[in-house]
Structure formats: C-alpha cells, structure tokens
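Novice: Below is the file data_16.cif, which contains mmCIF, C-alpha atoms and all ligand atoms.
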```cif
data_target
loop_
_atom_site.label_atom_id
_atom_site.label_comp_id
_atom_site.auth_asym_id
_atom_site.auth_seq_id
_atom_site.Cartn_x
_atom_site.Cartn_y
_atom_site.Cartn_z
CA MET A 1 72.35 88.16 120.94
CA SER A 2 69.96 86.89 118.32
CA ALA A 3 70.89 86.77 114.67
CA LEU A 4 68.53 88.51 112.29
CA ARG A 5 69.46 86.27 109.40
CA ASP A 6 70.14 82.58 109.00
CA THR A 7 72.73 83.06 106.29
CA GLN A 8 75.37 85.53 105.21
CA PRO A 9 75.44 86.75 101.60
CA GLU A 10 78.76 84.97 101.04
CA GLU A 11 77.04 81.66 101.73
CA LEU A 12 75.09 81.81 98.47
CA PRO A 13 75.82 78.96 96.07
CA PRO A 14 79.29 79.54 94.59
CA GLY A 15 79.52 81.06 91.16
CA THR A 16 75.95 82.35 91.23
CA ALA A 17 76.56 85.94 92.32
CA GLY A 18 77.81 88.87 90.23
CA GLU A 19 77.17 89.83 86.67
CA GLN A 20 77.89 87.33 83.91
CA PRO A 21 80.34 88.75 81.35
CA ALA A 22 78.79 89.61 77.97
CA VAL A 23 82.18 89.33 76.29
CA VAL A 24 84.74 86.63 77.03
CA LEU A 25 88.16 86.52 75.37
CA CYS A 26 89.27 82.89 75.04
CA PRO A 27 93.04 82.47 75.27
CA GLY A 28 94.32 81.53 71.79
CA GLY A 29 90.78 81.46 70.44
CA PRO A 30 87.64 83.45 69.69
CA MET A 31 85.77 86.15 71.52
CA LEU A 32 82.54 84.85 73.02
CA LEU A 33 79.60 87.19 72.80
CA ARG A 34 76.56 86.57 74.98
CA GLY A 35 73.11 87.67 73.91
CA HIS A 36 71.77 89.22 70.76
CA HIS A 37 74.09 91.47 68.77
CA VAL A 38 74.60 92.75 65.25
CA ILE A 39 78.21 92.75 64.12
CA GLU A 40 79.46 94.92 61.28
CA ASP A 41 82.51 93.45 59.56
CA GLU A 42 85.40 95.17 57.75
CA ASP A 43 83.33 95.48 54.56
CA GLY A 44 80.40 97.03 56.36
CA THR A 45 78.31 93.85 56.08
CA ARG A 46 76.10 93.21 59.07
CA HIS A 47 75.83 89.82 60.75
CA GLU A 48 73.24 89.02 63.36
CA THR A 49 73.92 86.53 66.15
CA VAL A 50 71.58 83.52 66.16
CA ARG A 51 72.49 81.66 69.36
CA PRO A 52 72.66 82.36 73.08
CA VAL A 53 76.44 82.67 72.81
CA SER A 54 78.39 83.33 69.62
CA ALA A 55 82.10 83.00 68.91
CA VAL A 56 83.68 85.83 66.94
CA CYS A 57 86.93 84.99 65.14
CA ARG A 58 89.98 86.81 66.51
CA CYS A 59 92.68 84.99 64.53
CA GLY A 60 91.47 86.31 61.15
CA LYS A 61 91.71 82.89 59.51
CA SER A 62 88.16 81.59 59.84
CA ALA A 63 86.36 80.60 56.64
CA SER A 64 83.04 81.63 58.24
CA LYS A 65 83.96 85.14 59.30
CA PRO A 66 82.98 86.93 61.40
CA TRP A 67 82.34 83.66 63.27
CA CYS A 68 85.03 81.35 64.59
CA ASP A 69 85.16 77.97 62.84
CA GLY A 70 87.92 76.40 64.91
CA THR A 71 90.68 77.23 62.41
CA HIS A 72 92.67 79.01 65.14
CA LYS A 73 93.55 75.54 66.45
CA LEU A 74 95.55 74.82 63.29
CA LEU A 75 97.72 77.92 63.64
CA PRO A 76 101.14 77.88 65.25
CA ARG A 77 100.81 79.06 68.83
CA LYS A 78 102.44 82.45 68.19
CA LEU A 79 99.91 83.29 65.49
CA ARG A 80 96.94 82.60 67.73
CA PRO A 81 95.18 85.51 69.40
CA MET B 1 56.62 52.59 64.57
CA THR B 2 59.73 51.88 66.57
CA MET B 3 60.08 48.20 67.29
CA LEU B 4 62.69 46.31 69.27
CA PRO B 5 65.80 45.62 67.21
CA LYS B 6 66.77 42.16 66.02
CA PRO B 7 68.40 40.02 68.70
CA ARG B 8 72.05 39.19 68.16
CA GLY B 9 72.36 36.19 70.45
CA GLU B 10 70.83 34.31 73.35
CA LEU B 11 70.84 37.13 75.87
CA SER B 12 69.22 39.71 73.60
CA ALA B 13 66.68 37.10 72.42
CA ALA B 14 65.68 36.31 76.02
CA PHE B 15 65.73 39.95 77.09
CA PHE B 16 63.61 41.17 74.18
CA GLU B 17 61.15 38.36 74.80
CA ALA B 18 60.87 39.41 78.46
CA LEU B 19 60.31 43.04 77.35
CA ARG B 20 57.65 42.12 74.83
CA SER B 21 55.72 39.95 77.26
CA TRP B 22 56.01 42.37 80.21
CA ASP B 23 52.65 43.27 81.56
CA ASP B 24 52.78 44.85 84.98
CA GLY B 25 53.63 41.66 86.81
CA PRO B 26 56.94 40.67 88.37
CA VAL B 27 59.28 39.07 85.89
CA THR B 28 61.57 36.16 86.54
CA ALA B 29 65.24 36.96 86.21
CA VAL B 30 66.73 36.87 82.71
CA ASP B 31 69.61 34.60 83.59
CA VAL B 32 71.37 34.16 80.29
CA ALA B 33 75.00 34.96 79.53
CA PRO B 34 75.71 37.15 76.49
CA GLU B 35 76.79 35.09 73.53
CA SER B 36 79.07 37.80 72.17
CA ALA B 37 80.03 41.42 72.66
CA GLU B 38 77.39 42.41 70.09
CA ASP B 39 74.76 40.39 71.90
CA ALA B 40 75.58 42.27 75.11
CA ALA B 41 75.71 45.65 73.35
CA ILE B 42 72.35 45.38 71.57
CA THR B 43 70.75 44.25 74.83
CA LEU B 44 72.11 47.25 76.68
CA TRP B 45 71.17 49.57 73.85
CA ALA B 46 67.54 48.39 73.95
CA SER B 47 67.48 48.60 77.73
CA HIS B 48 68.63 52.24 77.64
CA GLU B 49 66.19 52.99 74.87
CA LEU B 50 63.35 52.33 77.32
CA SER B 51 64.49 55.48 79.15
CA TYR B 52 64.43 57.61 75.98
CA ARG B 53 61.40 56.96 73.80
CA GLY B 54 60.71 53.24 74.25
CA PHE B 55 59.36 50.79 71.70
CA ASP B 56 55.91 50.27 70.26
CA ASP B 57 56.09 46.56 71.10
CA VAL B 58 57.08 47.11 74.75
CA ASP B 59 54.90 48.47 77.55
CA ASP B 60 56.29 51.75 78.97
CA GLY B 61 56.16 50.24 82.47
CA ALA B 62 58.91 47.75 81.66
CA GLU B 63 61.53 50.50 82.03
CA TRP B 64 61.63 50.19 85.84
CA GLU B 65 61.11 46.44 86.22
CA PRO B 66 63.80 45.34 88.70
CA ALA B 67 64.58 42.01 87.01
CA LEU B 68 65.11 43.82 83.70
CA LEU B 69 67.10 46.64 85.29
CA ALA B 70 69.38 43.99 86.79
CA VAL B 71 70.40 42.99 83.28
CA ARG B 72 71.09 46.63 82.37
CA ARG B 73 73.19 47.12 85.49
CA GLU B 74 75.28 44.03 84.88
CA LEU B 75 75.99 45.01 81.28
CA GLU B 76 76.84 48.57 82.30
CA ARG B 77 79.25 47.31 84.94
CA GLU B 78 81.01 45.22 82.34
CA LEU B 79 81.09 48.09 79.82
CA GLU B 80 82.41 50.59 82.34
CA SER B 81 85.17 48.29 83.51
CA ARG B 82 86.27 47.68 79.92
CA LEU B 83 86.30 51.44 79.24
CA ARG B 84 88.32 52.09 82.38
CA GLN B 85 90.84 49.43 81.39
CA ARG B 86 91.46 51.20 78.09
CA TRP B 87 92.05 54.52 79.84
CA PRO B 88 95.73 55.34 80.52
CA GLY B 89 94.74 57.65 83.39
CA ALA B 90 94.53 61.43 83.74
CA PRO B 91 97.39 63.24 81.98
CA GLN B 92 99.97 64.31 84.54
CA GLY B 93 100.26 67.96 85.48
CA ARG B 94 97.46 69.04 83.17
CA ASP B 95 94.68 71.37 84.18
CA VAL B 96 91.37 70.65 82.44
CA VAL B 97 90.44 74.22 81.57
CA GLU B 98 93.91 75.38 80.65
CA HIS B 99 95.22 72.34 78.77
CA PHE B 100 92.18 70.57 77.34
CA PHE B 101 92.55 71.82 73.76
CA ASP B 102 96.28 71.02 73.71
CA TRP B 103 95.55 67.54 74.98
CA VAL B 104 92.91 66.99 72.28
CA ALA B 105 95.33 68.20 69.61
CA GLU B 106 97.90 65.62 70.75
CA GLN B 107 95.51 62.69 70.36
CA ASP B 108 95.65 61.60 66.80
CA GLY B 109 93.42 58.90 65.48
CA PRO B 110 92.20 58.21 61.95
CA SER B 111 89.62 60.71 60.72
CA LEU B 112 86.42 59.61 59.02
CA ALA B 113 85.69 63.24 58.14
CA ARG B 114 88.98 63.53 56.25
CA HIS B 115 88.13 60.44 54.25
CA VAL B 116 84.69 61.87 53.45
CA GLN B 117 86.22 65.20 52.48
CA THR B 118 88.65 63.78 49.94
CA THR B 119 87.89 60.26 48.76
CA ALA B 120 84.76 58.58 50.12
CA THR B 121 82.13 57.32 47.68
CA THR B 122 78.45 58.25 48.03
CA GLU B 123 77.79 54.68 49.19
CA GLN B 124 80.33 55.03 51.97
CA VAL B 125 78.93 58.37 53.08
CA LEU B 126 75.40 56.95 53.20
CA ASP B 127 76.77 54.06 55.24
CA LEU B 128 78.36 56.48 57.65
CA LEU B 129 75.19 58.58 57.92
CA ARG B 130 73.16 55.47 58.77
CA MET B 131 75.56 54.71 61.57
CA ARG B 132 75.78 58.27 62.80
CA SER B 133 71.99 58.43 62.86
CA VAL B 134 71.85 56.17 65.91
CA TYR B 135 73.57 58.93 67.86
CA HIS B 136 72.72 62.14 65.96
CA LEU B 137 68.99 61.60 66.35
CA LYS B 138 69.55 61.84 70.12
CA GLU B 139 72.55 64.15 70.22
CA ALA B 140 72.03 66.25 73.35
CA ASP B 141 69.51 63.94 75.04
CA PRO B 142 71.85 61.87 77.23
CA THR B 143 73.58 65.03 78.43
CA ALA B 144 70.22 66.52 79.41
CA TRP B 145 70.02 63.87 82.16
CA VAL B 146 73.12 65.35 83.76
CA VAL B 147 71.60 68.78 84.48
CA PRO B 148 69.95 68.07 87.88
CA ARG B 149 73.13 66.37 89.13
CA LEU B 150 75.28 69.48 88.86
CA PRO B 151 76.02 72.43 91.13
CA MET B 152 74.08 75.59 90.24
CA ALA B 153 76.69 77.46 88.21
CA ALA B 154 77.42 74.34 86.15
CA GLN B 155 73.70 73.86 85.51
CA ALA B 156 73.41 77.36 84.06
CA ALA B 157 76.52 76.77 81.97
CA LEU B 158 75.32 73.44 80.59
CA MET B 159 71.86 74.80 79.80
CA GLU B 160 73.38 77.69 77.85
CA LEU B 161 74.91 75.09 75.50
CA GLN B 162 71.93 72.72 75.53
CA PHE B 163 69.54 75.52 74.61
CA ASP B 164 71.42 75.89 71.33
CA GLU B 165 71.37 72.08 70.72
CA TYR B 166 67.61 72.12 71.29
CA GLY B 167 67.01 74.88 68.76
CA ASN B 168 66.83 77.96 71.01
CA GLY B 169 63.12 77.45 71.45
CA ASP B 170 62.52 77.00 67.71
CA PRO B 171 61.40 73.45 66.83
CA ALA B 172 62.70 73.95 63.29
CA ARG B 173 66.25 74.39 64.61
CA LEU B 174 66.73 71.43 66.95
CA HIS B 175 69.98 69.74 65.97
CA THR B 176 68.31 66.32 65.99
CA GLY B 177 65.68 67.75 63.66
CA LEU B 178 68.31 69.20 61.32
CA PHE B 179 69.91 65.77 61.13
CA ALA B 180 66.56 64.04 60.53
CA ARG B 181 65.79 66.47 57.71
CA GLY B 182 69.26 65.92 56.28
CA ILE B 183 69.10 62.14 56.12
CA ALA B 184 65.53 62.16 54.86
CA ALA B 185 66.73 64.40 52.00
CA CYS B 186 69.42 61.78 51.32
CA GLY B 187 66.71 59.14 50.97
CA LEU B 188 67.38 57.55 54.38
CA ARG B 189 64.93 56.90 57.21
CA PRO B 190 64.81 59.67 59.82
CA GLU B 191 63.21 57.76 62.72
CA GLN B 192 65.06 57.03 65.94
CA GLY B 193 66.94 53.75 65.81
CA ALA B 194 65.94 53.06 62.19
CA TYR B 195 69.38 51.64 61.40
CA VAL B 196 70.33 50.09 64.70
CA ASP B 197 70.11 46.58 63.24
CA GLU B 198 72.99 47.46 60.92
CA ALA B 199 75.07 49.17 63.58
CA PRO B 200 78.38 47.45 64.33
CA LEU B 201 79.59 46.92 67.88
CA GLU B 202 81.58 50.17 67.87
CA VAL B 203 78.48 52.26 67.15
CA LEU B 204 76.44 50.49 69.82
CA GLU B 205 79.21 51.04 72.36
CA GLN B 206 79.45 54.76 71.55
CA ASN B 207 75.75 55.09 72.22
CA ASN B 208 75.68 52.84 75.27
CA THR B 209 78.53 54.76 76.84
CA LEU B 210 76.81 58.10 76.39
CA SER B 211 73.57 56.79 77.85
CA MET B 212 75.38 55.24 80.80
CA PHE B 213 77.32 58.46 81.48
CA GLY B 214 74.07 60.41 81.31
CA LEU B 215 72.02 58.11 83.52
CA HIS B 216 74.42 57.74 86.45
CA ARG B 217 74.94 60.69 88.76
CA ARG B 218 78.22 59.08 89.80
CA LEU B 219 79.43 59.49 86.19
CA ARG B 220 78.54 63.19 85.82
CA GLY B 221 82.19 64.19 85.46
CA ALA B 222 82.72 61.61 82.73
CA ALA B 223 79.58 62.81 80.95
CA LEU B 224 80.87 66.39 80.87
CA GLY B 225 84.37 65.29 79.85
CA HIS B 226 82.82 63.33 77.00
CA LEU B 227 80.80 66.38 75.98
CA ALA B 228 83.89 68.59 76.01
CA ALA B 229 85.90 66.15 73.87
CA PHE B 230 83.02 65.69 71.48
CA GLU B 231 82.53 69.43 70.99
CA ALA B 232 86.29 70.04 70.73
CA THR B 233 86.56 67.58 67.83
CA SER B 234 83.54 68.78 65.91
CA SER B 235 83.89 72.11 64.08
CA LEU B 236 86.86 71.28 61.85
CA PRO B 237 85.61 67.74 61.05
CA SER B 238 82.12 69.13 60.37
CA ARG B 239 83.67 71.47 57.80
CA ARG B 240 85.36 68.45 56.17
CA MET B 241 82.08 66.53 56.17
CA ALA B 242 80.31 69.47 54.53
CA GLN B 243 83.02 69.73 51.87
CA GLY B 244 82.88 65.98 51.18
CA LEU B 245 79.12 66.04 50.84
CA GLU B 246 79.38 68.99 48.48
CA ARG B 247 82.02 67.18 46.44
CA LEU B 248 79.57 64.29 46.01
CA GLY B 249 76.63 66.58 45.25
CA MET B 250 74.63 65.36 48.22
CA ALA B 251 71.47 66.95 49.65
CA PRO B 252 71.83 70.58 50.79
CA GLU B 253 69.81 69.78 53.95
CA MET B 254 72.47 67.29 55.00
CA ILE B 255 75.23 69.77 54.23
CA ALA B 256 73.37 72.37 56.30
CA TYR B 257 73.51 70.09 59.35
CA TYR B 258 77.29 70.00 59.13
CA THR B 259 77.78 73.70 58.38
CA GLU B 260 75.59 74.53 61.38
CA HIS B 261 77.97 72.42 63.48
CA VAL B 262 81.06 74.23 62.19
CA GLU B 263 79.86 77.43 63.85
CA ALA B 264 77.82 76.04 66.72
CA ASP B 265 80.56 73.76 67.96
CA ALA B 266 83.20 76.47 67.71
CA VAL B 267 81.13 78.09 70.46
CA HIS B 268 80.18 74.87 72.25
CA GLU B 269 83.77 73.69 72.63
CA GLN B 270 84.66 76.87 74.48
CA LEU B 271 81.60 76.65 76.70
CA ALA B 272 82.05 72.93 77.38
CA VAL B 273 85.64 73.31 78.51
CA ARG B 274 85.65 76.72 80.16
CA THR B 275 82.26 77.33 81.66
CA ILE B 276 80.76 73.82 81.96
CA CYS B 277 83.73 71.70 83.07
CA GLY B 278 85.24 74.81 84.68
CA SER B 279 82.25 75.46 86.92
CA LEU B 280 81.87 71.81 87.89
CA LEU B 281 85.54 71.76 88.88
CA ALA B 282 85.22 75.00 90.85
CA GLU B 283 82.93 73.15 93.22
CA GLU B 284 83.94 69.55 92.79
CA PRO B 285 87.66 69.57 91.98
CA GLU B 286 87.83 65.82 92.66
CA GLN B 287 85.91 65.35 89.39
CA ALA B 288 88.97 66.25 87.27
CA PRO B 289 90.11 62.64 86.65
CA GLU B 290 86.55 61.68 85.73
CA ILE B 291 86.41 64.52 83.19
CA TRP B 292 89.63 63.19 81.64
CA PHE B 293 88.24 59.66 81.67
CA GLY B 294 85.10 60.78 79.81
CA ALA B 295 87.15 62.81 77.33
CA PHE B 296 89.53 59.95 76.60
CA THR B 297 86.65 57.52 76.21
CA CYS B 298 84.89 59.78 73.70
CA LEU B 299 87.96 59.96 71.47
CA ASP B 300 88.83 56.29 71.96
CA LEU B 301 85.36 55.09 70.92
CA GLU B 302 85.50 57.27 67.81
CA ASP B 303 88.97 55.91 66.96
CA ARG B 304 87.69 52.37 67.24
CA LEU B 305 84.77 53.15 64.91
CA ALA B 306 87.04 54.93 62.41
CA HIS B 307 89.44 51.97 62.30
CA ARG B 308 86.56 49.59 61.79
CA LEU B 309 84.93 51.56 58.97
CA LEU B 310 88.16 52.37 57.16
CA GLU B 311 89.01 48.68 57.32
CA VAL B 312 85.62 47.70 55.90
CA TRP B 313 86.07 50.31 53.16
CA GLU B 314 89.63 49.13 52.62
CA VAL B 315 91.19 52.48 53.20
CA ALA B 316 94.57 52.72 54.92
CA ALA B 317 94.09 54.41 58.31
S1 LIG A 401 89.44 82.52 66.38
FE1 LIG A 401 88.64 80.61 65.85
S2 LIG A 401 88.88 80.61 63.72
FE2 LIG A 401 89.69 82.53 64.25
FE FE A 402 74.65 69.77 67.87
FE FE A 403 77.41 71.08 69.94
#
```
I'd like the structure from this file rewritten - as structure tokens, please.
Ligand code: FES
Ligand SMILES: [Fe+2]
Ligand SMILES: [Fe+2]
Specialist:
Amino acid sequence: MSALRDTQPEELPPGTAGEQPAVVLCPGGPMLLRGHHVIEDEDGTRHETVRPVSAVCRCGKSASKPWCDGTHKLLPRKLRP
Amino acid sequence: MTMLPKPRGELSAAFFEALRSWDDGPVTAVDVAPESAEDAAITLWASHELSYRGFDDVDDGAEWEPALLAVRRELERELESRLRQRWPGAPQGRDVVEHFFDWVAEQDGPSLARHVQTTATTEQVLDLLRMRSVYHLKEADPTAWVVPRLPMAAQAALMELQFDEYGNGDPARLHTGLFARGIAACGLRPEQGAYVDEAPLEVLEQNNTLSMFGLHRRLRGAALGHLAAFEATSSLPSRRMAQGLERLGMAPEMIAYYTEHVEADAVHEQLAVRTICGSLLAEEPEQAPEIWFGAFTCLDLEDRLAHRLLEVWEVAA
C-alpha cells in the first residue's frame, strides 16, 4: 500500500492551526481585542483602536478608559474581573 | 557620529584600540584582565554595539573577528554566571502563565517612577532620562534577535507585540523614535549611546544582559522572561513617570512617550505572558525555569539601579 501523502494534517506545527480568537478575556484583567475596531463607551463617545491588539478595561477603574492601564492589578482580587 | 565610548580601564583601553585599528587582518588576542567591573561592562557594551549599529571609528567587519569575539564571550560568561548566582531559582509550584502577575506583584523593590511622580527634581529626572536613553533608544531591538529561534506559534505571538513597538509600520510611531523625540524636546541628545560615558555599572549591566539574552539562542527563554517582566512592570510606572513629568512642567513629547506606554504595555504584558511565553512553553516546557530566570534578572537589575540612583540622590529607598 502506498501512502498518498507524506504527512497527516495533525502533524502541522503545533499552535498554527485553527482560527485565532479576536476577543480574549484575561483572567482578572482586560479584554484583548485583535484587529481594528471602533468602541463606543457609556457616554456614546467613540474610540478607535490604534494597535494590532488593544486591551479594553473590564474592571471599570482605568484612568484611560475604555483602555486598560494596568489599574486592575491594584484591586483586591475579588474586585477584579 | 557615534564614536567608541571612553575606556574605563586597561581592558577597555586595549579592546577599543584593537577595534579602532582593525582592518580586515587577523588580530592578536586581547589578553588583558578587566581592571574593574565597569571596565568589563563598558567593554562588553561596546562589543555588543558592533552587532547593533556599530561605531563610526570602527570598521563594520570587526564585529565577527574571532579574537575580539573571544573577549565578548569571556565577559558574557562572567556576566551570566554572576546573574545566575543572584537568582534564587524558579518559584516552587508556580505556573508561568497562571501565576506570573502574582509573582511580579510580590517582588517589591524601590521605585524610581514613584520618586519621579512625587518628589524628584528636574535635574534628577534629566539624569534618569540620560541613563534610560541607553536602553530606550534600542527598546525592542535585542528581542527582535529572538524571533528566528522560536517555534512558529511563538514567533507569531512575539511579532504581534514587536509590530506595536516598531510603530505598526508608521516610522513616526516607533517607540524608540518617540523616546528620541521626547529627550530632544527636553534638550538632551537623541543619538544612540550619547550618554553611555555617564552610565553607571548598573545601567551598562541592564543593557549587556538584554543584548546577551537576545544574541544567544540558548537564552531564548530568559529573553522572553525578561520581556514579560519588563512589560508587566511598565504601565503603572509609566503613568507615574508621566505624572511626575507633568508636575515638573517637562516637555509634552517626553510625557507622550510615557502615556503611550501606559496603554501599550497594558496590552503587551498580557501578550508577553499569555501568548508569547505561553506558546513557547506549549512546545518547549523545559524553558519554564529559564523564563523565571530572565524575569527575576529583569527586576533584579532594575532594583540595583534604583538603589544606586536613590542613594546618589540621597533619597531613602
Ligand atoms: S482591566 Fe485593566 S485597568 Fe481595568
Ligand atoms: Fe515600547
Ligand atoms: Fe511594550
């Protein structure tokens, strides 16, 4: 019996198959957003992403909202997202 | 014009002389012992510099001269063994991706950013910016060397972060460029290595360590651990830096560099820990201790610099 292929699909380099998530929820921290997006905040103000991945604040305490500024790390664990 | 720095002892004097006179011929070994830690550090710094942008008074070919590389290798060996001796070892029972931020939060050293935020004088801030310039004018460069040494998924992850450091394709937004614009607006010189002659040992060692981690494939885990620790200790301190600079009425361009890092590094720290270190570990789990070693070393070198500067400025740490 001769094989038609030299490799099986599962032999592809690990971590390189499947769709990359556009949204990633970081435990205790921000929501990562991949790609270009426009975010409308609570006041109706629009914010455009400027980098390949952006971090949106989920703890509500950032001084740069809607973006995360690391403030979540100063909150007691139970107040983190 | 970027010229070789000033020698700080017999080894650097001999090494710089050998660099300056290099002209495509074999060189006799530079067989001189370093006179001091600073002598060794400035020699290694200049040797690494040949692999970045070189010097106007040194031929580009000198970078790969075996007799000169032998000096680099010896100094790196000594530096690495000293760094490893300071390292208490990987924290027990801790997973890099899951526990990295907790581990960082437990390490508490003196904070230069806090001093800048509340009490530093303009003189002290300018001092600090001169010292930071040795590193910030390179920023992502040493980490760029790591890319071809990584498995595929980790390459994609690292490039996602690096793309942002390099301005997302816009030359006006490179982080090194933002820093250069910032210090120029403060009246300081924006060229690479402009202030290296004033840099104390601790600054030289920070830079030498990063270059060594970047240049050795064997140290790829340490390079990524260093990156993760650096990014994870950047957004909040960058906010403090920006507030301190505002308090002192310093140039808006310099403030902009730090406010950019508040937001950028809030993203980068997540990427560095989760996707970059995470994807390296998925394929090379044996790299975990090296990641911790690099992370510890990053924080330890910064602690040493902070102690030194606060002492010079006569501030209680
Ligand atoms: S989630 Fe990071 S500051 Fe709110
Ligand atoms: Fe940066
Ligand atoms: Fe960064």
Novice: Sorted by chain and rising residue number, list the residues of chain B at most 12 Å from ligand LIG 401 (chain A) (counting all atoms listed in the file), each with its closest atom pair and distance in Å to one decimal, as a tab-separated table.
Specialist:
```
residue	atom	partner	partner_atom	distance
B:Ala232	CA	A:LIG401	FE1	11.9
B:Ser235	CA	A:LIG401	S2	9.9
B:Leu236	CA	A:LIG401	S2	9.7
B:Val262	CA	A:LIG401	S2	10.2
B:Glu263	CA	A:LIG401	FE1	9.5
B:Ala264	CA	A:LIG401	FE1	11.8
B:Asp265	CA	A:LIG401	FE1	10.8
B:Ala266	CA	A:LIG401	FE1	7.1
B:Val267	CA	A:LIG401	FE1	9.2
B:Glu269	CA	A:LIG401	FE1	10.8
B:Gln270	CA	A:LIG401	FE1	10.2
```
Novice: Identify, counting all atoms listed in the file, the protein, DNA and RNA residues located within 12 Å of ligand FE 403 (chain A), and give them as a PyMOL selection string.
Specialist: (chain A and resi 51+53) or (chain B and resi 136+139-141+143+158-167+174-176+226-235+238+257-272)
Novice: For chain A against chain B, which residues fall within 6 Å using all atoms listed in the file, given as number ranges by chain?
Specialist: A: 15-16, 54-55, 69-70
Novice: Please compute the CA of Phe296 in chain B-CA of Thr43 in chain B distance, one decimal, in Å.
Specialist: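 Separating CA of Phe296 in chain B from CA of Thr43 in chain B is a distance of 24.5 Å.
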Novice: What's around Glu63 in chain B at 9 Å? Count all atoms listed in the file, leave out sequence neighbours fewer than 3 positions away in its own chain, and write the answer as a list in words.
Specialist: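 Near Glu63 in chain B, the qualifying residues are Leu19, Ser47, His48, Glu49, Leu50, Ser51, Gly54, Asp59, Asp60, Pro66, Leu68 and Leu69 of chain B.
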Novice: Taking into account all atoms listed in the file, which residue in the set A:Lys73, A:Pro66, A:Glu11, A:Val56 is nearest to Arg34 in chain A?
Specialist: A:Val56
Novice: Any idea what's packed within 12 Å of Phe179 in chain B, counting all atoms listed in the file, ignoring anything in its chain fewer than 2 positions away? Could you give it as an mmCIF file with C-alpha atoms, keeping the file's coordinate frame?
Specialist:
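out26.cif was written with the following content:
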```cif
data_model
loop_
_atom_site.group_PDB
_atom_site.id
_atom_site.type_symbol
_atom_site.label_atom_id
_atom_site.label_comp_id
_atom_site.auth_asym_id
_atom_site.auth_seq_id
_atom_site.Cartn_x
_atom_site.Cartn_y
_atom_site.Cartn_z
ATOM 1 C CA LEU B 129 75.190 58.580 57.920
ATOM 2 C CA ARG B 130 73.160 55.470 58.770
ATOM 3 C CA ARG B 132 75.780 58.270 62.800
ATOM 4 C CA SER B 133 71.990 58.430 62.860
ATOM 5 C CA VAL B 134 71.850 56.170 65.910
ATOM 6 C CA TYR B 135 73.570 58.930 67.860
ATOM 7 C CA HIS B 136 72.720 62.140 65.960
ATOM 8 C CA LEU B 137 68.990 61.600 66.350
ATOM 9 C CA LYS B 138 69.550 61.840 70.120
ATOM 10 C CA GLU B 139 72.550 64.150 70.220
ATOM 11 C CA GLU B 165 71.370 72.080 70.720
ATOM 12 C CA ALA B 172 62.700 73.950 63.290
ATOM 13 C CA ARG B 173 66.250 74.390 64.610
ATOM 14 C CA LEU B 174 66.730 71.430 66.950
ATOM 15 C CA HIS B 175 69.980 69.740 65.970
ATOM 16 C CA THR B 176 68.310 66.320 65.990
ATOM 17 C CA GLY B 177 65.680 67.750 63.660
ATOM 18 C CA ARG B 181 65.790 66.470 57.710
ATOM 19 C CA GLY B 182 69.260 65.920 56.280
ATOM 20 C CA ILE B 183 69.100 62.140 56.120
ATOM 21 C CA ALA B 184 65.530 62.160 54.860
ATOM 22 C CA ALA B 185 66.730 64.400 52.000
ATOM 23 C CA CYS B 186 69.420 61.780 51.320
ATOM 24 C CA LEU B 188 67.380 57.550 54.380
ATOM 25 C CA ARG B 189 64.930 56.900 57.210
ATOM 26 C CA PRO B 190 64.810 59.670 59.820
ATOM 27 C CA GLU B 191 63.210 57.760 62.720
ATOM 28 C CA GLN B 192 65.060 57.030 65.940
ATOM 29 C CA ALA B 251 71.470 66.950 49.650
ATOM 30 C CA PRO B 252 71.830 70.580 50.790
ATOM 31 C CA GLU B 253 69.810 69.780 53.950
ATOM 32 C CA MET B 254 72.470 67.290 55.000
ATOM 33 C CA ILE B 255 75.230 69.770 54.230
ATOM 34 C CA ALA B 256 73.370 72.370 56.300
ATOM 35 C CA TYR B 257 73.510 70.090 59.350
ATOM 36 C CA TYR B 258 77.290 70.000 59.130
ATOM 37 C CA THR B 259 77.780 73.700 58.380
ATOM 38 C CA GLU B 260 75.590 74.530 61.380
ATOM 39 C CA HIS B 261 77.970 72.420 63.480
#
```
Novice: If we count only C-alpha atoms, what is near Arg77 in chain A at a cut-off of 12 Å, once residues fewer than 4 positions away on the same chain are taken out, given as number ranges by chain?
Specialist: A: 27-29, 59, 72-73, 81; B: 102
Novice: May I have the residues within 8 Å of Glu202 in chain B as a PyMOL selection string, using all atoms listed in the file and disregarding those fewer than 4 positions away in the same chain?
Specialist: chain B and resi 206+301+304-305+308
Novice: For the selection you just gave me, I'd like the residues written to a file as a PDB file, in the coordinates of the input, keeping C-alpha atoms.
Specialist:
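Produced file again-v6.pdb, reproduced below:
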```pdb
ATOM      1  CA  GLN B 206      79.450  54.760  71.550  1.00  0.00           C
ATOM      2  CA  LEU B 301      85.360  55.090  70.920  1.00  0.00           C
ATOM      3  CA  ARG B 304      87.690  52.370  67.240  1.00  0.00           C
ATOM      4  CA  LEU B 305      84.770  53.150  64.910  1.00  0.00           C
ATOM      5  CA  ARG B 308      86.560  49.590  61.790  1.00  0.00           C
TER       6      ARG B 308
END
```
Novice: Please give the centre and size of the box around range 55-63 of chain A (axis-aligned, containing every atom listed in the file, 3 Å added per side), with values in Å to one decimal and written as AutoDock Vina command-line options.
Specialist:
```
--center_x 87.4 --center_y 83.7 --center_z 62.8 --size_x 16.6 --size_y 12.2 --size_z 18.3
```
Novice: To one decimal in Å, tell me the separation between CA of Gly93 in chain B and CA of Pro285 in chain B.
Specialist: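 The value is 14.3 Å.
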Novice: Go through B:His216, B:Arg247, B:Lys6, B:Arg20 one by one, measure the shortest atom-to-atom distance of each to Thr119 in chain B using only C-alpha atoms, and give the residue with the smallest value.
Specialist: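 Of the candidates, the smallest distance to Thr119 in chain B is held by B:Arg247.
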